[in-house]
Structures are given as C-alpha cells and as structure tokens.
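Have a look at the structure below, then the notes.
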Number of protein chains: 2
Amino acid sequence: MRVDLGTFQERLRGRGLKLTRPRRLVAEKLLSTGGHLAADDLIQLLRRDGTPVGRATVYRTLAILRTAGLFDEHDFGSGHKVYERALGRPHHDHLFCISCGAVIEFREPRIERLQDDVTRRYRFTAMYHSHKIFGYCRRCRGQARAPAPARTERHA
Amino acid sequence: MRVDLGTFQERLRGRGLKLTRPRRLVAEKLLSTGGHLAADDLIQLLRRDGTPVGRATVYRTLAILRTAGLFDEHDFGSGHKVYERALGRPHHDHLFCISCGAVIEFREPRIERLQDDVTRRYRFTAMYHSHKIFGYCRRCRGQARAPAPARTERHA
DNA sequence: CAGAGACTGAGACTCAGTATCAATTAGAGG
DNA sequence: CCTCTAATTGATACTGAGTCTCAGTCTCTG
C-alpha cells in the first residue's frame, strides 16, 4: 500500500497534478478496502471515517486513478461502476453471479490469444477489453431457474 | 420481418401478453431499422413517423423483446443501451471503435469453448456473457494515440 | 359485444454522474 | 519559512437514462 501511494504520487507528478489530502484519502481507502468498490461506497466510507470527501472530488479522483492505470473500472450492470486495484496484479476477467452478486476472477491466456487473432483478422487495434460471464456461482446453482443453455446467449 | 412479428406475437401470447399497437410499432421499427438502436433513437424515429409511442412504453417493450430472446441488449459505455436483433441470427460478440463508434461483429467459437472450460473450472452456471474489445477500427487506426499494448488492459 | 384485466403515456421521480464557481490549498520559487 | 499562483475542492445545481404512478384506454376472451 505504501508502495502504491508512492506510485500514485509519481503518476500525479508526471502529469503535473498535486497530491492533495482528498486524493490521498480516496486512494488509501480504495487500497485498504480491496475488492470492488463503487464511488458511492467510497463516499459513505470516507464520511463514516470522519474524513469526508466531496462527491465531485471522489469521481474526479477515480477518473485519475483509472487513467493512470492504477485501478480498473468495471460495469457489472448494477447501475454503478466499481473500481478494482490494477497495478501490480495480473490481468484477469470476471464471472458475475446474478443471484448473490459475487465477483469471481478468472485468467485464461488462451482466450487472450484468440482475441489477438480476432483483432488481427479485422485489422483492429485493441486498447482494452471487457469479458464478463453472468450466471450462477457454485453456491447459487440450485437457484438457477433453468439448466444452462448450450451456449451463453443474452448480452448486457 | 413478417416472420419475426409473428414470432413476437407468439411469444407475447405464450406469456399472456397482448399484441398492442404501440408494441407492434416498436418491434416493426426496430426490425426495419436494423443495426444497434437506443431507446431514445427509437422514440425519435417513431415520433418523426407520426406514430409516437410513450417513453415508458418503449422501455417496457424493449424489456419484453429482450426477455423473449428476440433482441439483445448491449452497453458499449456510451451512456445508453442499444438493441440488436437476436432471433434467427448466429451468436456473436463485438469490437467497438472508440474513435468513430463503429460496431463490428465477430464470431470465434474457440473462445466460446474456452469460456465453457472456465465456467466448468469454477462450477459456474453461465446464463449469458458479454465480450467486447475496444480500440481503433481499420479506418481509425492512424488516429490511435499509441501503439497497441502487448495485451488489452483497461476494462469497462 | 361486453366486461375484466392488461396496457398506455404524461409527467413526476430516481439516481449515477457531471458542471459551476467561489473559496481553499499545494508546493514551486524565492 | 513565506508568498503567490495555479490547481483543487466541494456545495449545489444540473443532466439524462431509465423507472414509477395512476387515471384513462384498449385488447380479446367468453
């Protein structure tokens, strides 16, 4: 965490930005909480801690953290974006349980390679991607309304 | 198109729903326009045609069309969802050009198979998935700010 | 063809996220 | 350590996609 805050400062400096108290508070809270946090969660947590940070500032800081490559932003269709530490962690994609909301990370380098195949095929220059599989996790399987279709079908 | 409207009616009936004029108008317009349309586009188009349909009804009808498996819903991060005909078309995923907004469809059965591997590995019951690659299309490549990184990195 | 229940739509509402702008603060240069 | 300026903050107003409400309307079954 210490290391990451240092990196945050470095990256800010590199862009001519200042390391202010609110920015530090947001970054620290995100790092110390881990997992997938939404902007509003962050605002509430900081308020509870007695170190409130304005809404606008939280959103602005999250944008900086994302742009600097320190955090990834994900939209699991719950109506708000969530943030997850990216720096120093291997790339991965997600399974999302539509019953309990659990987020499961997976790595599958073979899929990544096939993606490269696809982009090459279309002469497309990939910058980032989003690969999410929605369904029922191990624990919630029993509640699945129907057996899984041969292949996934709805997109979100 | 005739066939699809018939299917729409069938699926409505199957759920105890009525085929009303507004629902027919929405489905017809979506089918005749093709491509990826947002709710608001639809509302504008219908108004221009002199057959306006209320906002609430358009949204409600889109939900029905999606649930019935006739249309797929996608979120390319532009702040609104877009709808695309699903019935009678093969499953595919998308490349999205962050410069011109172009949507390119791709099929890669090998990725689908690897997805099945992944879900099996986690004892996860997949219901649907979302796989999008963002970047610069063939035409917009020149405008790419930087060469593509070794592997895609930011998620949305 | 009449009745019941489904459906519609104008408009109020929600809620994540953005814009504004006067007051505050980081931190470079002295 | 102080000063000065540009960057930053945050209360608040705003935006815009999507949802809710409910009185009036329509579908379609019997």
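Scheme for the structure tokens: letters A, B, ... for chains in order shown; per-chain residue numbers from 1; ligand numbers from 1 in order shown.
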
Using the chain letters and numbers from this document, which residues of segment 13-142 of chain A does DSSP assign to strand (DSSP E), as a PyMOL selection string?
chain A and resi 37-38+71-74+82-85+93-97+103-106+125-136

Store the residues picked out above, limited to C-alpha atoms, as an mmCIF file, in the first residue's frame.
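Resulting contents of selection.cif:
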```cif
data_model
loop_
_atom_site.group_PDB
_atom_site.id
_atom_site.type_symbol
_atom_site.label_atom_id
_atom_site.label_comp_id
_atom_site.auth_asym_id
_atom_site.auth_seq_id
_atom_site.Cartn_x
_atom_site.Cartn_y
_atom_site.Cartn_z
ATOM 1 C CA LEU A 37 -15.930 -0.630 -4.645
ATOM 2 C CA ALA A 38 -18.363 1.882 -6.149
ATOM 3 C CA PHE A 71 -7.320 0.954 -10.933
ATOM 4 C CA ASP A 72 -9.666 -0.751 -13.363
ATOM 5 C CA GLU A 73 -13.264 0.252 -13.776
ATOM 6 C CA HIS A 74 -15.957 -2.375 -14.294
ATOM 7 C CA VAL A 82 -16.964 -0.390 -9.483
ATOM 8 C CA TYR A 83 -13.227 0.004 -9.090
ATOM 9 C CA GLU A 84 -10.609 -2.622 -8.539
ATOM 10 C CA ARG A 85 -6.903 -2.352 -7.982
ATOM 11 C CA ASP A 93 -11.619 -11.210 -16.430
ATOM 12 C CA HIS A 94 -14.778 -11.923 -14.429
ATOM 13 C CA LEU A 95 -17.624 -14.247 -13.659
ATOM 14 C CA PHE A 96 -20.532 -12.408 -12.047
ATOM 15 C CA CYS A 97 -23.219 -14.203 -10.040
ATOM 16 C CA VAL A 103 -17.458 -11.467 -8.480
ATOM 17 C CA ILE A 104 -15.060 -14.253 -9.409
ATOM 18 C CA GLU A 105 -11.850 -13.522 -11.251
ATOM 19 C CA PHE A 106 -10.519 -15.842 -13.911
ATOM 20 C CA THR A 125 -6.088 -2.058 -32.783
ATOM 21 C CA ALA A 126 -7.275 -3.223 -29.374
ATOM 22 C CA MET A 127 -6.819 -0.872 -26.436
ATOM 23 C CA TYR A 128 -8.762 -2.702 -23.742
ATOM 24 C CA HIS A 129 -11.487 -5.253 -23.431
ATOM 25 C CA SER A 130 -14.315 -6.373 -21.254
ATOM 26 C CA HIS A 131 -15.151 -10.027 -20.881
ATOM 27 C CA LYS A 132 -17.788 -10.975 -18.351
ATOM 28 C CA ILE A 133 -19.754 -14.145 -17.892
ATOM 29 C CA PHE A 134 -23.024 -13.832 -15.990
ATOM 30 C CA GLY A 135 -24.785 -16.711 -14.296
ATOM 31 C CA TYR A 136 -24.974 -18.616 -11.035
#
```

Could you list, with a cut-off of 10 Å and counting only C-alpha atoms (C1' of nucleotides), the residues of chain C near chain B, each shown with its nearest atom pair and the distance in Å rounded to one decimal, rows sorted by chain and ascending number, as JSON lines?
```
{"residue": "C:DA6", "atom": "C1'", "partner": "B:Lys18", "partner_atom": "CA", "distance": 7.4}
{"residue": "C:DC7", "atom": "C1'", "partner": "B:Thr20", "partner_atom": "CA", "distance": 7.9}
{"residue": "C:DT8", "atom": "C1'", "partner": "B:Thr57", "partner_atom": "CA", "distance": 6.9}
{"residue": "C:DG9", "atom": "C1'", "partner": "B:Gly54", "partner_atom": "CA", "distance": 5.2}
{"residue": "C:DA10", "atom": "C1'", "partner": "B:Gly54", "partner_atom": "CA", "distance": 8.4}
```

Got time to write the residues from that selection, N, CA and C atoms (P, O5', C5', C4', C3', O3' and C1' of nucleotides), as a PDB file, in the first residue's frame?
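And here is the file that came out, part_10.pdb:
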```pdb
ATOM      1  P    DA C   6     -54.254  -8.804 -15.660  1.00  0.00           P
ATOM      2  O5'  DA C   6     -53.646  -8.234 -17.018  1.00  0.00           O
ATOM      3  C5'  DA C   6     -53.954  -8.925 -18.226  1.00  0.00           C
ATOM      4  C4'  DA C   6     -53.668  -8.013 -19.393  1.00  0.00           C
ATOM      5  C3'  DA C   6     -52.285  -7.376 -19.342  1.00  0.00           C
ATOM      6  O3'  DA C   6     -51.769  -7.394 -20.663  1.00  0.00           O
ATOM      7  C1'  DA C   6     -53.928  -5.679 -19.421  1.00  0.00           C
ATOM      8  P    DC C   7     -50.350  -6.813 -20.972  1.00  0.00           P
ATOM      9  O5'  DC C   7     -50.673  -5.309 -21.331  1.00  0.00           O
ATOM     10  C5'  DC C   7     -51.508  -5.051 -22.446  1.00  0.00           C
ATOM     11  C4'  DC C   7     -51.588  -3.567 -22.687  1.00  0.00           C
ATOM     12  C3'  DC C   7     -50.237  -2.837 -22.667  1.00  0.00           C
ATOM     13  O3'  DC C   7     -50.063  -2.258 -23.946  1.00  0.00           O
ATOM     14  C1'  DC C   7     -51.891  -1.681 -21.390  1.00  0.00           C
ATOM     15  P    DT C   8     -48.814  -1.282 -24.216  1.00  0.00           P
ATOM     16  O5'  DT C   8     -49.433   0.144 -23.873  1.00  0.00           O
ATOM     17  C5'  DT C   8     -50.503   0.625 -24.659  1.00  0.00           C
ATOM     18  C4'  DT C   8     -50.802   2.060 -24.296  1.00  0.00           C
ATOM     19  C3'  DT C   8     -49.597   2.997 -24.384  1.00  0.00           C
ATOM     20  O3'  DT C   8     -49.961   4.104 -25.185  1.00  0.00           O
ATOM     21  C1'  DT C   8     -50.683   3.188 -22.264  1.00  0.00           C
ATOM     22  P    DG C   9     -48.849   5.005 -25.849  1.00  0.00           P
ATOM     23  O5'  DG C   9     -48.797   6.201 -24.803  1.00  0.00           O
ATOM     24  C5'  DG C   9     -49.957   6.979 -24.585  1.00  0.00           C
ATOM     25  C4'  DG C   9     -49.668   7.989 -23.495  1.00  0.00           C
ATOM     26  C3'  DG C   9     -48.278   8.629 -23.586  1.00  0.00           C
ATOM     27  O3'  DG C   9     -48.393   9.958 -23.117  1.00  0.00           O
ATOM     28  C1'  DG C   9     -48.476   7.572 -21.526  1.00  0.00           C
ATOM     29  P    DA C  10     -47.864  11.166 -23.980  1.00  0.00           P
ATOM     30  O5'  DA C  10     -48.144  12.372 -22.982  1.00  0.00           O
ATOM     31  C5'  DA C  10     -49.446  12.556 -22.451  1.00  0.00           C
ATOM     32  C4'  DA C  10     -49.351  13.095 -21.039  1.00  0.00           C
ATOM     33  C3'  DA C  10     -48.229  14.113 -20.821  1.00  0.00           C
ATOM     34  O3'  DA C  10     -48.747  15.138 -19.985  1.00  0.00           O
ATOM     35  C1'  DA C  10     -47.909  12.256 -19.366  1.00  0.00           C
TER      36       DA C  10
END
```

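Every chain D residue lying within 10 Å of chain B, based on only C-alpha atoms (C1' of nucleotides), is listed here: DG16, DA17, DG18, DT19, DC20, DC26, DT27 and DC28 of chain D.
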
Can you list, as a count of residues only, every protein, DNA or RNA residue that comes within 12 Å of Leu31 of chain B when you count only C-alpha atoms (C1' of nucleotides), leaving out same-chain residues fewer than 4 positions away?
22

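Note that the spacing between atom CA of Gly6 of chain B and atom CA of Asp49 of chain B amounts to 22.5 Å.
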
Skip Asp116 of chain B itself and residues of its chain fewer than 2 positions away, then list as an NGL selection string all residues within 12 Å of it, counting only C-alpha atoms (C1' of nucleotides).
(:A and (95 or 108 or 111 or 133 or 148-152)) or (:B and (109-114 or 118-129))

Residues from last step as file, N, CA and C atoms, as a PDB file, in the first residue's frame:
```pdb
ATOM      1  N   LEU A  95     -16.346 -13.547 -13.694  1.00  0.00           N
ATOM      2  CA  LEU A  95     -17.624 -14.247 -13.659  1.00  0.00           C
ATOM      3  C   LEU A  95     -18.434 -13.437 -12.648  1.00  0.00           C
ATOM      4  N   GLU A 108      -7.416 -16.726 -18.359  1.00  0.00           N
ATOM      5  CA  GLU A 108      -7.437 -17.716 -19.417  1.00  0.00           C
ATOM      6  C   GLU A 108      -6.636 -17.161 -20.608  1.00  0.00           C
ATOM      7  N   ILE A 111      -7.750 -17.506 -24.164  1.00  0.00           N
ATOM      8  CA  ILE A 111      -8.770 -16.594 -24.689  1.00  0.00           C
ATOM      9  C   ILE A 111      -8.114 -15.302 -25.147  1.00  0.00           C
ATOM     10  N   ILE A 133     -18.809 -13.047 -17.752  1.00  0.00           N
ATOM     11  CA  ILE A 133     -19.754 -14.145 -17.892  1.00  0.00           C
ATOM     12  C   ILE A 133     -20.718 -14.048 -16.717  1.00  0.00           C
ATOM     13  N   ALA A 148     -28.394 -24.543 -17.672  1.00  0.00           N
ATOM     14  CA  ALA A 148     -27.680 -23.629 -18.561  1.00  0.00           C
ATOM     15  C   ALA A 148     -27.912 -24.003 -20.013  1.00  0.00           C
ATOM     16  N   PRO A 149     -28.138 -23.014 -20.867  1.00  0.00           N
ATOM     17  CA  PRO A 149     -28.294 -23.301 -22.291  1.00  0.00           C
ATOM     18  C   PRO A 149     -26.955 -23.776 -22.852  1.00  0.00           C
ATOM     19  N   ALA A 150     -27.014 -24.429 -24.003  1.00  0.00           N
ATOM     20  CA  ALA A 150     -25.810 -24.988 -24.603  1.00  0.00           C
ATOM     21  C   ALA A 150     -24.680 -23.959 -24.632  1.00  0.00           C
ATOM     22  N   ARG A 151     -25.052 -22.735 -24.939  1.00  0.00           N
ATOM     23  CA  ARG A 151     -24.047 -21.684 -25.012  1.00  0.00           C
ATOM     24  C   ARG A 151     -24.677 -20.428 -24.445  1.00  0.00           C
ATOM     25  N   THR A 152     -23.881 -19.551 -23.932  1.00  0.00           N
ATOM     26  CA  THR A 152     -24.428 -18.308 -23.388  1.00  0.00           C
ATOM     27  C   THR A 152     -25.120 -17.529 -24.485  1.00  0.00           C
TER      28      THR A 152
ATOM     29  N   PRO B 109     -15.786 -19.346 -32.226  1.00  0.00           N
ATOM     30  CA  PRO B 109     -16.272 -20.493 -31.454  1.00  0.00           C
ATOM     31  C   PRO B 109     -15.232 -21.033 -30.477  1.00  0.00           C
ATOM     32  N   ARG B 110     -13.960 -20.844 -30.807  1.00  0.00           N
ATOM     33  CA  ARG B 110     -12.937 -21.376 -29.908  1.00  0.00           C
ATOM     34  C   ARG B 110     -12.950 -20.624 -28.581  1.00  0.00           C
ATOM     35  N   ILE B 111     -13.284 -19.323 -28.648  1.00  0.00           N
ATOM     36  CA  ILE B 111     -13.386 -18.562 -27.397  1.00  0.00           C
ATOM     37  C   ILE B 111     -14.576 -19.073 -26.596  1.00  0.00           C
ATOM     38  N   GLU B 112     -15.661 -19.326 -27.287  1.00  0.00           N
ATOM     39  CA  GLU B 112     -16.861 -19.825 -26.596  1.00  0.00           C
ATOM     40  C   GLU B 112     -16.542 -21.134 -25.871  1.00  0.00           C
ATOM     41  N   ARG B 113     -15.779 -21.983 -26.552  1.00  0.00           N
ATOM     42  CA  ARG B 113     -15.447 -23.263 -25.931  1.00  0.00           C
ATOM     43  C   ARG B 113     -14.581 -23.062 -24.689  1.00  0.00           C
ATOM     44  N   LEU B 114     -13.647 -22.130 -24.797  1.00  0.00           N
ATOM     45  CA  LEU B 114     -12.780 -21.874 -23.638  1.00  0.00           C
ATOM     46  C   LEU B 114     -13.580 -21.272 -22.492  1.00  0.00           C
ATOM     47  N   VAL B 118     -13.796 -22.465 -18.613  1.00  0.00           N
ATOM     48  CA  VAL B 118     -13.660 -21.599 -17.444  1.00  0.00           C
ATOM     49  C   VAL B 118     -14.816 -21.809 -16.475  1.00  0.00           C
ATOM     50  N   THR B 119     -16.035 -21.800 -17.009  1.00  0.00           N
ATOM     51  CA  THR B 119     -17.176 -21.935 -16.103  1.00  0.00           C
ATOM     52  C   THR B 119     -17.171 -23.300 -15.429  1.00  0.00           C
ATOM     53  N   ARG B 120     -16.737 -24.313 -16.162  1.00  0.00           N
ATOM     54  CA  ARG B 120     -16.676 -25.648 -15.573  1.00  0.00           C
ATOM     55  C   ARG B 120     -15.674 -25.647 -14.422  1.00  0.00           C
ATOM     56  N   ARG B 121     -14.565 -24.998 -14.670  1.00  0.00           N
ATOM     57  CA  ARG B 121     -13.490 -24.932 -13.682  1.00  0.00           C
ATOM     58  C   ARG B 121     -13.989 -24.333 -12.363  1.00  0.00           C
ATOM     59  N   TYR B 122     -14.901 -23.351 -12.467  1.00  0.00           N
ATOM     60  CA  TYR B 122     -15.389 -22.678 -11.265  1.00  0.00           C
ATOM     61  C   TYR B 122     -16.757 -23.183 -10.826  1.00  0.00           C
ATOM     62  N   ARG B 123     -17.237 -24.254 -11.469  1.00  0.00           N
ATOM     63  CA  ARG B 123     -18.561 -24.791 -11.150  1.00  0.00           C
ATOM     64  C   ARG B 123     -19.602 -23.670 -11.221  1.00  0.00           C
ATOM     65  N   PHE B 124     -19.501 -22.929 -12.308  1.00  0.00           N
ATOM     66  CA  PHE B 124     -20.353 -21.760 -12.515  1.00  0.00           C
ATOM     67  C   PHE B 124     -21.348 -22.095 -13.616  1.00  0.00           C
ATOM     68  N   THR B 125     -22.615 -21.714 -13.429  1.00  0.00           N
ATOM     69  CA  THR B 125     -23.626 -21.969 -14.453  1.00  0.00           C
ATOM     70  C   THR B 125     -23.847 -20.698 -15.257  1.00  0.00           C
ATOM     71  N   ALA B 126     -23.276 -20.644 -16.452  1.00  0.00           N
ATOM     72  CA  ALA B 126     -23.353 -19.427 -17.267  1.00  0.00           C
ATOM     73  C   ALA B 126     -24.735 -19.257 -17.874  1.00  0.00           C
ATOM     74  N   MET B 127     -25.253 -18.044 -17.824  1.00  0.00           N
ATOM     75  CA  MET B 127     -26.543 -17.756 -18.442  1.00  0.00           C
ATOM     76  C   MET B 127     -26.358 -16.894 -19.694  1.00  0.00           C
ATOM     77  N   TYR B 128     -25.437 -15.952 -19.633  1.00  0.00           N
ATOM     78  CA  TYR B 128     -25.139 -15.131 -20.807  1.00  0.00           C
ATOM     79  C   TYR B 128     -23.797 -14.478 -20.560  1.00  0.00           C
ATOM     80  N   HIS B 129     -23.241 -13.917 -21.602  1.00  0.00           N
ATOM     81  CA  HIS B 129     -21.961 -13.253 -21.399  1.00  0.00           C
ATOM     82  C   HIS B 129     -21.858 -11.995 -22.226  1.00  0.00           C
TER      83      HIS B 129
END
```

Near DT21 of chain D, within 10 Å and counting only C-alpha atoms (C1' of nucleotides), which residues show up once chain neighbours fewer than 3 positions away are dropped, as a PyMOL selection string?
chain C and resi 11-13

Residue subset to file, keeping C-alpha atoms (C1' of nucleotides), as a tab-separated table (two decimals), in the first residue's frame:
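Result went into out.tsv, see below:
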```
chain	number	residue	atom	x	y	z
C	11	DG	C1'	-45.36	13.61	-16.04
C	12	DA	C1'	-43.15	13.04	-11.61
C	13	DC	C1'	-39.36	10.74	-9.84
```

Step one, run DSSP on the backbone; step two, keep only residues of chain B assigned to helix (DSSP H, G or I); then write them as a ChimeraX atom specification.
/B:2-14,21-33,39-48,55-67,109-121,138-143

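If only C-alpha atoms are the atoms counted, then among B:Arg47, B:Arg15, B:Arg138, B:Arg107 the closest residue to chain A is B:Arg138.
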
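A straight line drawn from atom CA of Gly34 of chain B to atom CA of Ile98 of chain A is 29.4 Å long.
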